[in-house]
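Coordinates from model_11.cif are shown below (mmCIF, C-alpha atoms).
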data_data
#
loop_
_atom_site.label_atom_id
_atom_site.label_comp_id
_atom_site.auth_asym_id
_atom_site.auth_seq_id
_atom_site.Cartn_x
_atom_site.Cartn_y
_atom_site.Cartn_z
CA MET J 19 -18.18 -85.89 12.16
CA THR J 20 -14.83 -87.38 11.11
CA LEU J 21 -14.31 -88.33 7.46
CA CYS J 22 -12.12 -91.10 6.03
CA ILE J 23 -11.87 -91.92 2.33
CA SER J 24 -10.36 -94.31 -0.19
CA LEU J 25 -8.76 -93.49 -3.54
CA SER J 26 -8.87 -96.07 -6.30
CA ALA J 27 -9.09 -96.22 -10.08
CA ARG J 28 -12.09 -98.53 -9.65
CA PRO J 29 -13.69 -97.91 -6.24
CA SER J 30 -15.76 -100.64 -4.61
CA ASN J 31 -18.20 -100.61 -1.72
CA ASN J 32 -16.29 -103.22 0.27
CA GLY J 33 -14.09 -100.88 2.29
CA THR J 34 -16.90 -98.37 2.65
CA ARG J 35 -19.27 -100.96 4.09
CA PHE J 36 -16.59 -102.51 6.32
CA HIS J 37 -15.50 -99.24 7.91
CA ASN J 38 -18.96 -97.70 8.21
CA HIS J 39 -20.35 -100.86 9.80
CA LEU J 40 -17.63 -100.77 12.44
CA TYR J 41 -18.24 -97.07 13.04
CA ASP J 42 -21.91 -97.89 13.70
CA GLN J 43 -21.06 -100.86 15.93
CA LEU J 44 -18.69 -98.77 18.04
CA GLY J 45 -20.88 -95.67 18.17
CA LEU J 46 -18.35 -93.46 16.36
CA ASN J 47 -19.49 -90.29 14.63
CA TRP J 48 -17.36 -91.13 11.58
CA ILE J 49 -18.11 -91.77 7.90
CA TYR J 50 -16.14 -93.42 5.10
CA LYS J 51 -16.47 -92.62 1.38
CA ALA J 52 -14.82 -94.01 -1.76
CA PHE J 53 -13.53 -91.86 -4.63
CA ALA J 54 -11.91 -92.27 -8.06
CA PRO J 55 -9.61 -89.23 -8.30
CA THR J 56 -9.06 -87.41 -11.58
CA ASP J 57 -6.02 -85.63 -10.14
CA LEU J 58 -4.12 -87.53 -7.44
CA ALA J 59 -2.09 -84.55 -6.20
CA GLN J 60 -5.22 -82.46 -5.76
CA ALA J 61 -6.96 -85.34 -4.01
CA ILE J 62 -4.14 -85.67 -1.46
CA ALA J 63 -4.09 -81.89 -1.03
CA GLY J 64 -7.79 -82.21 -0.24
CA VAL J 65 -7.05 -84.81 2.43
CA ARG J 66 -4.68 -82.34 4.06
CA GLY J 67 -6.75 -79.19 3.57
CA LEU J 68 -10.12 -80.64 4.54
CA GLY J 69 -8.88 -82.42 7.63
CA ILE J 70 -9.78 -85.88 6.31
CA ARG J 71 -8.49 -88.23 9.00
CA GLY J 72 -7.55 -91.26 6.91
CA CYS J 73 -7.13 -92.19 3.28
CA ALA J 74 -6.84 -95.70 1.84
CA VAL J 75 -4.83 -95.92 -1.38
CA SER J 76 -5.44 -98.65 -3.96
CA MET J 77 -4.14 -99.55 -7.42
CA PRO J 78 -2.64 -97.80 -9.29
CA TYR J 79 -1.66 -95.07 -6.82
CA LYS J 80 0.38 -96.94 -4.18
CA GLU J 81 3.71 -95.59 -5.41
CA ASP J 82 2.52 -92.31 -6.97
CA VAL J 83 1.40 -90.92 -3.60
CA ILE J 84 4.88 -91.20 -2.03
CA PRO J 85 6.07 -87.68 -3.01
CA LEU J 86 2.75 -86.23 -1.82
CA VAL J 87 3.03 -87.22 1.87
CA ASP J 88 5.15 -85.77 4.68
CA ALA J 89 6.48 -88.93 6.30
CA MET J 90 6.81 -92.63 5.56
CA ASP J 91 6.23 -95.16 8.32
CA PRO J 92 8.75 -98.06 8.19
CA SER J 93 5.95 -100.35 6.93
CA ALA J 94 5.71 -98.23 3.75
CA LYS J 95 9.31 -97.04 3.50
CA ALA J 96 10.71 -100.57 3.53
CA ILE J 97 8.87 -101.45 0.33
CA ASP J 98 8.27 -98.00 -1.22
CA SER J 99 4.55 -98.68 -1.42
CA VAL J 100 1.64 -96.98 0.35
CA ASN J 101 -1.90 -98.15 0.98
CA THR J 102 -2.82 -95.97 3.98
CA ILE J 103 -2.39 -92.28 4.84
CA VAL J 104 -3.11 -90.87 8.30
CA ASN J 105 -3.65 -87.14 8.72
CA ASP J 106 -2.53 -85.68 12.05
CA GLY J 107 -3.39 -81.98 11.94
CA GLY J 108 -2.28 -81.58 8.35
CA HIS J 109 0.79 -83.84 8.64
CA LEU J 110 0.38 -86.85 6.37
CA THR J 111 2.07 -90.13 7.32
CA ALA J 112 2.03 -93.08 4.91
CA TYR J 113 1.74 -96.71 6.00
CA ASN J 114 1.35 -100.09 4.32
CA THR J 115 -1.04 -102.63 5.83
CA ASP J 116 -0.98 -104.87 2.73
CA TYR J 117 2.27 -106.42 3.97
CA THR J 118 0.63 -107.27 7.30
CA ALA J 119 -2.28 -108.94 5.52
CA ILE J 120 -0.07 -111.11 3.32
CA GLU J 121 2.13 -112.03 6.29
CA GLN J 122 -0.85 -113.11 8.39
CA LEU J 123 -2.45 -115.13 5.59
CA LEU J 124 0.73 -117.07 4.86
CA GLN J 125 0.87 -117.96 8.55
CA ARG J 126 -2.85 -118.78 8.90
CA ASN J 127 -2.74 -121.10 5.90
CA ALA J 128 0.49 -122.75 7.08
CA VAL J 129 2.16 -122.31 3.70
CA PRO J 130 5.55 -124.08 3.90
CA SER J 131 8.41 -121.65 3.27
CA GLU J 132 10.13 -124.25 1.08
CA SER J 133 7.25 -124.00 -1.40
CA SER J 134 8.03 -122.83 -4.93
CA VAL J 135 6.10 -119.68 -5.87
CA LEU J 136 5.08 -117.93 -9.07
CA LEU J 137 4.17 -114.29 -8.35
CA LYS J 138 2.51 -112.49 -11.26
CA GLY J 139 2.78 -108.69 -11.13
CA ALA J 140 5.33 -106.01 -10.21
CA GLY J 141 3.37 -103.05 -8.81
CA GLY J 142 2.92 -101.76 -5.28
CA MET J 143 0.92 -104.74 -4.05
CA ALA J 144 3.46 -107.10 -5.60
CA LYS J 145 6.18 -105.35 -3.57
CA ALA J 146 4.24 -105.96 -0.35
CA THR J 147 3.68 -109.60 -1.31
CA ALA J 148 7.29 -110.20 -2.30
CA ALA J 149 8.55 -108.60 0.92
CA ALA J 150 6.23 -110.78 3.02
CA LEU J 151 7.39 -113.89 1.18
CA ARG J 152 11.06 -113.00 1.65
CA ASP J 153 10.59 -112.22 5.35
CA ALA J 154 8.72 -115.52 5.85
CA GLY J 155 11.72 -117.43 4.49
CA PHE J 156 10.54 -118.19 0.94
CA LYS J 157 13.46 -118.49 -1.48
CA ASP J 158 12.15 -120.28 -4.58
CA VAL J 159 10.10 -117.38 -5.93
CA THR J 160 9.83 -116.21 -9.54
CA ILE J 161 8.36 -112.83 -10.49
CA ILE J 162 6.34 -112.91 -13.72
CA ALA J 163 6.14 -109.39 -15.18
CA ARG J 164 6.17 -108.21 -18.77
CA ASN J 165 7.88 -104.93 -17.88
CA GLU J 166 11.51 -105.96 -17.59
CA ALA J 167 12.64 -102.86 -15.71
CA THR J 168 10.09 -103.16 -12.89
CA GLY J 169 10.04 -106.96 -12.89
CA ARG J 170 13.83 -107.31 -12.64
CA ALA J 171 14.04 -104.54 -10.06
CA LEU J 172 11.48 -106.24 -7.84
CA ALA J 173 13.12 -109.65 -8.23
CA ASP J 174 16.60 -108.27 -7.53
CA LEU J 175 15.37 -106.34 -4.48
CA TYR J 176 14.25 -109.52 -2.75
CA GLY J 177 16.68 -112.02 -4.25
CA PHE J 178 14.10 -113.74 -6.46
CA GLY J 179 14.04 -114.78 -10.10
CA TRP J 180 12.27 -112.95 -12.94
CA ARG J 181 10.68 -113.89 -16.24
CA ALA J 182 8.71 -111.77 -18.68
CA GLU J 183 6.28 -114.58 -19.47
CA LEU J 184 5.01 -117.59 -17.59
CA GLY J 185 6.28 -119.97 -20.25
CA THR J 186 5.22 -123.58 -20.67
CA GLY J 187 6.04 -126.96 -19.20
CA PRO J 188 7.63 -127.39 -15.77
CA GLU J 189 8.69 -123.72 -15.55
CA ALA J 190 5.01 -122.74 -15.66
CA THR J 191 4.22 -124.68 -12.48
CA ALA J 192 4.81 -124.07 -8.77
CA ASP J 193 3.50 -125.15 -5.38
CA MET J 194 1.80 -121.76 -4.94
CA VAL J 195 0.73 -119.26 -7.59
CA ILE J 196 -0.15 -115.67 -6.66
CA ASN J 197 -1.91 -113.13 -8.86
CA VAL J 198 -1.08 -109.53 -8.01
CA THR J 199 -2.35 -108.00 -11.26
CA PRO J 200 -5.79 -106.49 -12.04
CA MET J 201 -6.73 -109.56 -14.10
CA GLY J 202 -10.11 -110.84 -12.89
CA MET J 203 -11.06 -107.55 -11.23
CA ALA J 204 -14.71 -106.57 -11.60
CA GLY J 205 -15.21 -103.58 -13.87
CA GLY J 206 -11.81 -103.94 -15.52
CA PRO J 207 -11.00 -104.86 -19.12
CA ASP J 208 -9.85 -108.34 -18.04
CA SER J 209 -12.64 -109.07 -15.55
CA ASP J 210 -13.35 -112.49 -17.08
CA ALA J 211 -9.73 -113.47 -17.66
CA LEU J 212 -7.75 -116.16 -15.88
CA SER J 213 -4.45 -114.78 -14.59
CA PHE J 214 -2.89 -118.25 -14.78
CA PRO J 215 -3.68 -120.99 -17.34
CA THR J 216 -5.61 -124.09 -16.33
CA GLU J 217 -2.56 -126.36 -16.40
CA THR J 218 -0.72 -124.07 -13.94
CA ILE J 219 -3.72 -124.03 -11.61
CA GLU J 220 -4.04 -127.81 -11.73
CA ALA J 221 -0.35 -128.27 -10.90
CA ALA J 222 -0.43 -125.90 -7.91
CA LYS J 223 -1.21 -126.82 -4.31
CA ILE J 224 -2.25 -123.30 -3.26
CA VAL J 225 -3.80 -120.55 -5.39
CA PHE J 226 -3.72 -117.00 -4.05
CA ASP J 227 -5.47 -114.07 -5.75
CA VAL J 228 -5.13 -110.62 -4.15
CA VAL J 229 -7.99 -109.21 -6.25
CA ALA J 230 -10.79 -108.51 -3.75
CA LEU J 231 -13.66 -107.70 -6.10
CA PRO J 232 -15.37 -110.00 -6.82
CA ALA J 233 -14.75 -112.17 -3.77
CA GLU J 234 -14.51 -115.17 -6.08
CA THR J 235 -12.47 -114.17 -9.11
CA PRO J 236 -12.18 -116.37 -12.21
CA LEU J 237 -8.86 -117.64 -10.78
CA ILE J 238 -10.36 -118.51 -7.40
CA LYS J 239 -13.36 -120.23 -9.04
CA ALA J 240 -11.09 -122.29 -11.27
CA ALA J 241 -8.90 -123.25 -8.30
CA GLN J 242 -11.92 -124.26 -6.20
CA ALA J 243 -13.23 -126.37 -9.09
CA ALA J 244 -9.84 -128.09 -9.21
CA GLY J 245 -9.97 -128.79 -5.47
CA LYS J 246 -7.08 -126.48 -4.58
CA GLN J 247 -6.45 -124.63 -1.33
CA VAL J 248 -7.26 -120.96 -1.99
CA ILE J 249 -6.40 -117.64 -0.38
CA THR J 250 -8.61 -114.79 -1.56
CA GLY J 251 -8.30 -111.07 -2.04
CA ALA J 252 -11.36 -110.66 0.17
CA GLU J 253 -9.30 -112.07 3.05
CA VAL J 254 -6.48 -109.64 2.24
CA ALA J 255 -8.95 -106.76 2.11
CA THR J 256 -10.40 -107.57 5.54
CA ILE J 257 -7.05 -107.70 7.31
CA GLN J 258 -5.59 -104.61 5.68
CA ALA J 259 -8.85 -102.67 6.25
CA LEU J 260 -8.89 -103.69 9.91
CA GLU J 261 -5.33 -102.43 10.40
CA GLN J 262 -6.30 -99.18 8.65
CA PHE J 263 -9.28 -98.83 10.98
CA VAL J 264 -6.97 -99.15 13.98
CA LEU J 265 -4.57 -96.55 12.56
CA TYR J 266 -7.40 -94.09 11.93
CA THR J 267 -9.37 -94.51 15.15
CA GLY J 268 -6.91 -95.91 17.69
CA ILE J 269 -9.51 -98.62 18.45
CA ARG J 270 -9.10 -102.34 17.74
CA PRO J 271 -12.51 -104.02 17.28
CA THR J 272 -13.15 -107.45 18.76
CA ASP J 273 -12.96 -110.55 16.56
CA ALA J 274 -16.76 -110.80 16.74
CA GLN J 275 -17.18 -107.22 15.55
CA VAL J 276 -14.81 -107.86 12.64
CA ARG J 277 -16.75 -111.02 11.68
CA ASP J 278 -19.98 -109.01 11.74
CA ALA J 279 -18.42 -106.38 9.47
CA GLU J 280 -17.20 -109.09 7.07
CA ALA J 281 -20.68 -110.62 6.96
CA PHE J 282 -22.16 -107.18 6.27
CA VAL J 283 -19.77 -106.69 3.33
CA ARG J 284 -20.62 -110.12 1.89
CA ALA J 285 -24.35 -109.46 2.16
CA GLN J 286 -24.33 -106.61 -0.34
#

Reformat the file's structure so that it appears as structure tokens.
Amino acid sequence: MTLCISLSARPSNNGTRFHNHLYDQLGLNWIYKAFAPTDLAQAIAGVRGLGIRGCAVSMPYKEDVIPLVDAMDPSAKAIDSVNTIVNDGGHLTAYNTDYTAIEQLLQRNAVPSESSVLLKGAGGMAKATAAALRDAGFKDVTIIARNEATGRALADLYGFGWRAELGTGPEATADMVINVTPMGMAGGPDSDALSFPTETIEAAKIVFDVVALPAETPLIKAAQAAGKQVITGAEVATIQALEQFVLYTGIRPTDAQVRDAEAFVRAQ
């Protein structure tokens, strides 16, 4: 049996159910488990030493794992952020499929590149999101991050603006707002919090929350109530998990098989 795992501060069953359902559909003798590591370095050493084939990496470890791997695929090296590790006989290669997910969702939802954007957050997922926005031609993007060092660095890297706080009035509005912080995440200290105020949501055309658990975060619920176009973290999770599955197994499931796996995740 081949083992794949995920490492997260707050593990969910979404990835576990998605991967295991596809293993069953495709008749693979594989299994996927989720863990909350107490020592990241030891956990990655375990991936290597135990022959674990693949390892998904979630917040807050996407940058911390970089010195623990042997090689960085261009998808991870370009943004210095990792969400996937593939183990080939003890050689660990890091990838980033978050970027792919954001890129595809911007295209699927036909978001105009001339749209103004407020991007809240400055961690590893924010890097993937900012890179995808830049590469899709977005220019009017402002990073909202309280940590000036990381916020400015991210903004400068991609040629965007930065502010420590959202502010009020016109500066607090944009065509698209994107939450890339843990606000609204189930099990977290801010699980019931709105990552953007009501007036910002009402002024936006598109509301994007990368938080995948729950599928409808407080931000997504507020945006739906206001009649806004939404892009959810559950959509991000499906695409990035699918690309991880392909990296681990070398098999690309059919669209029907992926829809079945999504339905299985939602049914929990």

Step by step, work through what the PyMOL selection byres ((chain J and resi 178) around 6) selects in the shown file, and finish by giving those residues as a list in words.
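The output of the PyMOL selection byres ((chain J and resi 178) around 6) on this file is Val159, Thr160, Ala173, Tyr176, Gly177 and Gly179 of chain J.
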
Best match for closeness to Glu280 (chain J) among J:Arg35, J:Arg28, J:Arg71, J:Arg66, counting only C-alpha atoms:
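With only C-alpha atoms as the atom set, the closest residue is J:Arg35.
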
At what distance in Å, to one decimal, does CA of Ala146 (chain J) lie from CA of Leu25 (chain J)?
18.3 Å

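Straight-line separation from CA of Thr168 (chain J) to CA of Tyr79 (chain J): 15.5 Å.
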
List the residues matched by the PyMOL selection byres ((chain J and resi 278) around 12) in the displayed structure as a ChimeraX atom specification, ordered by chain and then by residue number.
/J:35-40,42-43,256,271-277,279-285

Using the chain letters and numbers from this file, what does the PyMOL selection byres ((chain J and resi 136-141) around 6) select? Give the answer as a PyMOL selection string.
chain J and resi 135+142-144+159-163+169+195-199

I need the residues from that last selection saved to file as a PDB file, in the frame of the given file (with C-alpha atoms), if you can.
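Result written to part-v2.pdb:
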ATOM      1  CA  VAL J 135       6.100-119.680  -5.870  1.00  0.00           C
ATOM      2  CA  GLY J 142       2.920-101.760  -5.280  1.00  0.00           C
ATOM      3  CA  MET J 143       0.920-104.740  -4.050  1.00  0.00           C
ATOM      4  CA  ALA J 144       3.460-107.100  -5.600  1.00  0.00           C
ATOM      5  CA  VAL J 159      10.100-117.380  -5.930  1.00  0.00           C
ATOM      6  CA  THR J 160       9.830-116.210  -9.540  1.00  0.00           C
ATOM      7  CA  ILE J 161       8.360-112.830 -10.490  1.00  0.00           C
ATOM      8  CA  ILE J 162       6.340-112.910 -13.720  1.00  0.00           C
ATOM      9  CA  ALA J 163       6.140-109.390 -15.180  1.00  0.00           C
ATOM     10  CA  GLY J 169      10.040-106.960 -12.890  1.00  0.00           C
ATOM     11  CA  VAL J 195       0.730-119.260  -7.590  1.00  0.00           C
ATOM     12  CA  ILE J 196      -0.150-115.670  -6.660  1.00  0.00           C
ATOM     13  CA  ASN J 197      -1.910-113.130  -8.860  1.00  0.00           C
ATOM     14  CA  VAL J 198      -1.080-109.530  -8.010  1.00  0.00           C
ATOM     15  CA  THR J 199      -2.350-108.000 -11.260  1.00  0.00           C
TER      16      THR J 199
END

Between J:Ala154, J:Leu265, J:Met203, J:Met194, which residue has the minimum interatomic distance to Asp106 (chain J), considering only C-alpha atoms?
J:Leu265

Quick one, how far is CA of Lys95 (chain J) from CA of Ala148 (chain J)?
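So the answer is 14.5 Å.
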
Best match for closeness to Ser24 (chain J) among J:Ala63, J:Val75, J:Ile219, J:Ile70, counting all atoms listed in the file:
J:Val75

All residues 9 Å or closer to Glu121 (chain J), all atoms listed in the file, same chain fewer than 4 positions away omitted, as a short mmCIF file (atom, residue, chain, number, x, y, z; two decimals) with C-alpha atoms, in the frame of the given file:
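Contents of result.cif, as written:
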data_model
loop_
_atom_site.label_atom_id
_atom_site.label_comp_id
_atom_site.auth_asym_id
_atom_site.auth_seq_id
_atom_site.Cartn_x
_atom_site.Cartn_y
_atom_site.Cartn_z
CA ASP J 116 -0.98 -104.87 2.73
CA TYR J 117 2.27 -106.42 3.97
CA GLN J 125 0.87 -117.96 8.55
CA ARG J 126 -2.85 -118.78 8.90
CA THR J 147 3.68 -109.60 -1.31
CA ALA J 150 6.23 -110.78 3.02
CA LEU J 151 7.39 -113.89 1.18
CA ASP J 153 10.59 -112.22 5.35
CA ALA J 154 8.72 -115.52 5.85
#

Ser134 (chain J): which residues within 6 Å, counting all atoms listed in the file, same-chain residues fewer than 3 positions away excluded, as a list in words?
Asp158, Val159, Ala192 and Asp193 of chain J

With distances taken over all atoms listed in the file, which of J:Ala190, J:Ala59, J:Ala259, J:Val225 is nearest to Thr115 (chain J)?
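Of J:Ala190, J:Ala59, J:Ala259, J:Val225, the one nearest Thr115 (chain J) is J:Ala259, counting all atoms listed in the file.
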
List every protein, DNA or RNA residue that has at least one atom no more than 10 Å from (-4.9, -123.2, -14.8) in the file's coordinates, counting only C-alpha atoms, and write the result as an mmCIF file with C-alpha atoms, in the coordinates of the input.
data_model
loop_
_atom_site.group_PDB
_atom_site.id
_atom_site.type_symbol
_atom_site.label_atom_id
_atom_site.label_comp_id
_atom_site.auth_asym_id
_atom_site.auth_seq_id
_atom_site.Cartn_x
_atom_site.Cartn_y
_atom_site.Cartn_z
ATOM 1 C CA ALA J 190 5.010 -122.740 -15.660
ATOM 2 C CA THR J 191 4.220 -124.680 -12.480
ATOM 3 C CA VAL J 195 0.730 -119.260 -7.590
ATOM 4 C CA LEU J 212 -7.750 -116.160 -15.880
ATOM 5 C CA SER J 213 -4.450 -114.780 -14.590
ATOM 6 C CA PHE J 214 -2.890 -118.250 -14.780
ATOM 7 C CA PRO J 215 -3.680 -120.990 -17.340
ATOM 8 C CA THR J 216 -5.610 -124.090 -16.330
ATOM 9 C CA GLU J 217 -2.560 -126.360 -16.400
ATOM 10 C CA THR J 218 -0.720 -124.070 -13.940
ATOM 11 C CA ILE J 219 -3.720 -124.030 -11.610
ATOM 12 C CA GLU J 220 -4.040 -127.810 -11.730
ATOM 13 C CA ALA J 221 -0.350 -128.270 -10.900
ATOM 14 C CA ALA J 222 -0.430 -125.900 -7.910
ATOM 15 C CA VAL J 225 -3.800 -120.550 -5.390
ATOM 16 C CA LEU J 237 -8.860 -117.640 -10.780
ATOM 17 C CA ALA J 240 -11.090 -122.290 -11.270
ATOM 18 C CA ALA J 241 -8.900 -123.250 -8.300
ATOM 19 C CA ALA J 244 -9.840 -128.090 -9.210
#

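When all atoms listed in the file are used to compute distances to Ala112 (chain J), the closest of the residues J:Ala89, J:Ala54, J:Ala230, J:Ile62 turns out to be J:Ala89.
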
For Gly72 (chain J), please output as a ChimeraX atom specification all residues within 9 Å (counting all atoms listed in the file; exclusion window: fewer than 4 positions along the same chain).
/J:21-24,65,102-105,262-263,265-266

Incomplete region 208-226 of chain J filled out to N, CA and C atoms as an mmCIF file, in the coordinates of the input:
data_model
loop_
_atom_site.group_PDB
_atom_site.id
_atom_site.type_symbol
_atom_site.label_atom_id
_atom_site.label_comp_id
_atom_site.auth_asym_id
_atom_site.auth_seq_id
_atom_site.Cartn_x
_atom_site.Cartn_y
_atom_site.Cartn_z
ATOM 1 N N ASP J 208 -10.142 -106.901 -18.085
ATOM 2 C CA ASP J 208 -9.850 -108.340 -18.040
ATOM 3 C C ASP J 208 -10.630 -109.025 -16.920
ATOM 4 N N SER J 209 -11.855 -108.565 -16.685
ATOM 5 C CA SER J 209 -12.640 -109.070 -15.550
ATOM 6 C C SER J 209 -12.969 -110.556 -15.666
ATOM 7 N N ASP J 210 -13.012 -111.080 -16.884
ATOM 8 C CA ASP J 210 -13.350 -112.490 -17.080
ATOM 9 C C ASP J 210 -12.119 -113.356 -17.346
ATOM 10 N N ALA J 211 -10.948 -112.751 -17.275
ATOM 11 C CA ALA J 211 -9.730 -113.470 -17.660
ATOM 12 C C ALA J 211 -9.136 -114.258 -16.498
ATOM 13 N N LEU J 212 -8.514 -115.374 -16.843
ATOM 14 C CA LEU J 212 -7.750 -116.160 -15.880
ATOM 15 C C LEU J 212 -6.319 -115.638 -15.850
ATOM 16 N N SER J 213 -5.811 -115.313 -14.682
ATOM 17 C CA SER J 213 -4.450 -114.780 -14.590
ATOM 18 C C SER J 213 -3.388 -115.857 -14.746
ATOM 19 N N PHE J 214 -3.771 -117.116 -14.529
ATOM 20 C CA PHE J 214 -2.890 -118.250 -14.780
ATOM 21 C C PHE J 214 -3.663 -119.279 -15.608
ATOM 22 N N PRO J 215 -2.979 -119.989 -16.522
ATOM 23 C CA PRO J 215 -3.680 -120.990 -17.340
ATOM 24 C C PRO J 215 -4.111 -122.197 -16.496
ATOM 25 N N THR J 216 -5.038 -122.949 -17.042
ATOM 26 C CA THR J 216 -5.610 -124.090 -16.330
ATOM 27 C C THR J 216 -4.551 -125.095 -15.891
ATOM 28 N N GLU J 217 -3.568 -125.362 -16.755
ATOM 29 C CA GLU J 217 -2.560 -126.360 -16.400
ATOM 30 C C GLU J 217 -1.692 -125.905 -15.216
ATOM 31 N N THR J 218 -1.480 -124.593 -15.085
ATOM 32 C CA THR J 218 -0.720 -124.070 -13.940
ATOM 33 C C THR J 218 -1.528 -124.190 -12.660
ATOM 34 N N ILE J 219 -2.821 -123.905 -12.768
ATOM 35 C CA ILE J 219 -3.720 -124.030 -11.610
ATOM 36 C C ILE J 219 -3.778 -125.477 -11.137
ATOM 37 N N GLU J 220 -3.916 -126.392 -12.086
ATOM 38 C CA GLU J 220 -4.040 -127.810 -11.730
ATOM 39 C C GLU J 220 -2.773 -128.360 -11.099
ATOM 40 N N ALA J 221 -1.619 -127.790 -11.442
ATOM 41 C CA ALA J 221 -0.350 -128.270 -10.900
ATOM 42 C C ALA J 221 -0.035 -127.673 -9.531
ATOM 43 N N ALA J 222 -0.711 -126.596 -9.166
ATOM 44 C CA ALA J 222 -0.430 -125.900 -7.910
ATOM 45 C C ALA J 222 -1.113 -126.590 -6.732
ATOM 46 N N LYS J 223 -0.566 -126.379 -5.540
ATOM 47 C CA LYS J 223 -1.210 -126.820 -4.310
ATOM 48 C C LYS J 223 -2.062 -125.705 -3.702
ATOM 49 N N ILE J 224 -1.575 -124.467 -3.828
ATOM 50 C CA ILE J 224 -2.250 -123.300 -3.260
ATOM 51 C C ILE J 224 -2.368 -122.236 -4.334
ATOM 52 N N VAL J 225 -3.557 -121.633 -4.437
ATOM 53 C CA VAL J 225 -3.800 -120.550 -5.390
ATOM 54 C C VAL J 225 -4.237 -119.321 -4.610
ATOM 55 N N PHE J 226 -3.532 -118.228 -4.818
ATOM 56 C CA PHE J 226 -3.720 -117.000 -4.050
ATOM 57 C C PHE J 226 -3.990 -115.869 -5.046
#
